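Here's the structure, in structure tokens; my notes come after.
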Amino acid sequence: MPHRPAVVRHSHVGKPHALNSILEPRALIEMALLPASLPLLLQAPSGDGHPVLLLPGFLADEKSLIVLKMFLQSKGYEVHTWGMGRNVGFRSKHASALPQKIRHLHHVTGRKVSLVGWSLGGVFSMYGAESTLECVRSIITLGSPVSVDASGSQSPPAVKALYRLVSHRLGSSAHVMQPRAKALRERRRLAIPTSCLFSLGDGVVPPQEATIDGDPALHENIQVPGSHIGLGFNGIVLAIVADRLAQPEDNWQPFQPKGLLARIWNPSTASIQDEAQSSAN
């Protein structure tokens, strides 16, 4: 078996580049261009019908997941959304209800559940999986702040101010310090296949926070193009999500694009595992 380089976080330091934050509204253009991705999406692999739970980002609700939901349903998955309305931060009611939701889906379907979380939804997916390991098949995060350092979030000031206004006056650090979030705070990685998709063009979550250190047999970071707000409408992202979900339950392999995706996925957006390998050589 070929040696796999260690999975490492991106080396970026500090906040997202200011220009990326200013240009986040380009997500509207990405949405408008989605029909052009139809050949890529048609070629994406179909699944085996196992349940997939989608989790929205901060201040978003189930409606924000409609494209992702319809696409994955077309690939044969039993797709569910979290059913808790708008995501207003790491609240106790969410922390209690999410593991119950995962266990319920596992019970009624008789199959393990894959979790796909966008932005803050990815943080919730890792939290929910920690207490339901026997019920979870895989985790996919889209621009999620899953590796915040002790110094705190490096998201733009406007994003942090909005979180304080809507969720907690002390900001996200107040929720990260909760006993229930200890594993997230300590960045313990679960023994579950985990794919963290991130973009260097993300104007909300910097790449060092959207990536993880981990075991190359189970964890990976995959760089994609685009904005933060547009991740759920990005054809390349959708195709990669389908590829990851189609991995056999007992034979997960790191991302290797095939077919049209291999031609579209620019080498400059290679996963940082490849960057680590290049550095080692």
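Convention: chains lettered A, B, ... in structure tokens order; per-chain residue numbering from 1; ligands numbered from 1 as shown.
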Residue contacts of segment 257-264 of chain A (9 Å, only C-alpha atoms) excluding same-chain residues fewer than 2 positions away, as a PDB file with C-alpha atoms, in the first residue's frame:
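Listed below is the output, result-v9.pdb:
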ATOM      1  CA  PRO A  39     -22.831  17.388 -17.379  1.00  0.00           C
ATOM      2  CA  LEU A  40     -20.586  17.145 -14.324  1.00  0.00           C
ATOM      3  CA  GLN A  43     -21.638  11.980 -14.322  1.00  0.00           C
ATOM      4  CA  ALA A  44     -21.332  12.038 -10.520  1.00  0.00           C
ATOM      5  CA  ILE A 236     -17.716  21.057  -8.235  1.00  0.00           C
ATOM      6  CA  ALA A 239     -19.901  16.477  -7.480  1.00  0.00           C
ATOM      7  CA  ILE A 240     -17.275  15.940  -4.770  1.00  0.00           C
ATOM      8  CA  ASP A 243     -18.186  11.098  -4.833  1.00  0.00           C
ATOM      9  CA  PHE A 255     -10.539  11.594  -2.790  1.00  0.00           C
ATOM     10  CA  ASN A 266      -7.855  22.262 -11.409  1.00  0.00           C
ATOM     11  CA  PRO A 267      -4.524  20.959 -10.082  1.00  0.00           C
TER      12      PRO A 267
END
List every residue of segment 46-265 of chain A that DSSP, applied to the backbone of this structure, places in alpha helix (DSSP H), and write the result as a PyMOL selection string. chain A and resi 66-74+92-109+120-130+157-166+172-176+182-185+235-245+259-264
Identify, on the basis of only C-alpha atoms, every residue whose closest approach to segment 226-228 of chain A does not exceed 6 Å; exclude the query and any residue fewer than 2 positions from it along the same chain; express the result as a PyMOL selection string. chain A and resi 24+201-202+230-231
Excluding Ile139 of chain A and residues on its chain fewer than 3 positions from it, collect all residues at most 8 Å away from it, counting only C-alpha atoms, and give them as JSON, numbers by chain. {"A": [114, 115, 116, 117, 125, 126, 136, 192, 193, 194, 195]}
Residue selection dump (N, CA and C atoms) as a PDB file, in the first residue's frame:
ATOM      1  N   SER A 114     -24.898   9.321   6.966  1.00  0.00           N
ATOM      2  CA  SER A 114     -23.846  10.266   6.594  1.00  0.00           C
ATOM      3  C   SER A 114     -24.316  11.673   6.932  1.00  0.00           C
ATOM      4  N   LEU A 115     -23.401  12.489   7.457  1.00  0.00           N
ATOM      5  CA  LEU A 115     -23.717  13.860   7.848  1.00  0.00           C
ATOM      6  C   LEU A 115     -23.008  14.829   6.922  1.00  0.00           C
ATOM      7  N   VAL A 116     -23.752  15.780   6.368  1.00  0.00           N
ATOM      8  CA  VAL A 116     -23.182  16.814   5.504  1.00  0.00           C
ATOM      9  C   VAL A 116     -23.546  18.164   6.103  1.00  0.00           C
ATOM     10  N   GLY A 117     -22.553  18.892   6.590  1.00  0.00           N
ATOM     11  CA  GLY A 117     -22.796  20.174   7.243  1.00  0.00           C
ATOM     12  C   GLY A 117     -22.123  21.315   6.523  1.00  0.00           C
ATOM     13  N   SER A 125     -22.261  18.707  12.872  1.00  0.00           N
ATOM     14  CA  SER A 125     -22.165  17.320  12.429  1.00  0.00           C
ATOM     15  C   SER A 125     -21.097  16.573  13.222  1.00  0.00           C
ATOM     16  N   MET A 126     -19.970  17.228  13.482  1.00  0.00           N
ATOM     17  CA  MET A 126     -18.917  16.576  14.268  1.00  0.00           C
ATOM     18  C   MET A 126     -19.351  16.395  15.716  1.00  0.00           C
ATOM     19  N   VAL A 136     -23.089   6.573  12.676  1.00  0.00           N
ATOM     20  CA  VAL A 136     -22.614   7.494  11.637  1.00  0.00           C
ATOM     21  C   VAL A 136     -21.657   6.797  10.673  1.00  0.00           C
ATOM     22  N   ILE A 192     -14.053   8.183  12.089  1.00  0.00           N
ATOM     23  CA  ILE A 192     -15.103   8.128  11.070  1.00  0.00           C
ATOM     24  C   ILE A 192     -14.555   8.819   9.823  1.00  0.00           C
ATOM     25  N   PRO A 193     -14.771   8.264   8.625  1.00  0.00           N
ATOM     26  CA  PRO A 193     -14.328   8.966   7.415  1.00  0.00           C
ATOM     27  C   PRO A 193     -14.858  10.401   7.397  1.00  0.00           C
ATOM     28  N   THR A 194     -13.944  11.351   7.288  1.00  0.00           N
ATOM     29  CA  THR A 194     -14.297  12.770   7.366  1.00  0.00           C
ATOM     30  C   THR A 194     -13.626  13.536   6.234  1.00  0.00           C
ATOM     31  N   SER A 195     -14.416  14.246   5.450  1.00  0.00           N
ATOM     32  CA  SER A 195     -13.913  15.058   4.336  1.00  0.00           C
ATOM     33  C   SER A 195     -14.245  16.517   4.598  1.00  0.00           C
TER      34      SER A 195
END
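Take the candidates A:Val166, A:Leu197, A:Ile212, A:Val205 and check each one against Val224 of chain A using only C-alpha atoms; the shortest distance goes to A:Leu197.
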List as a short mmCIF file (atom, residue, chain, number, x, y, z; two decimals) with C-alpha atoms, in the first residue's frame the protein and nucleic acid residues near Ile66 of chain A, meaning an atom at most 10 Å away when only C-alpha atoms are counted, but skip any in the same chain fewer than 4 places from it.
data_model
loop_
_atom_site.label_atom_id
_atom_site.label_comp_id
_atom_site.auth_asym_id
_atom_site.auth_seq_id
_atom_site.Cartn_x
_atom_site.Cartn_y
_atom_site.Cartn_z
CA LEU A 54 -27.98 17.85 5.94
CA ASP A 61 -32.48 27.02 7.53
CA GLU A 62 -33.57 24.01 5.51
CA MET A 70 -32.55 17.62 -4.56
CA PHE A 71 -29.22 16.66 -6.09
CA LEU A 72 -28.51 13.93 -3.54
CA THR A 81 -32.62 17.96 6.96
CA GLY A 232 -24.05 24.68 -1.45
CA PHE A 233 -24.68 25.76 -5.06
#
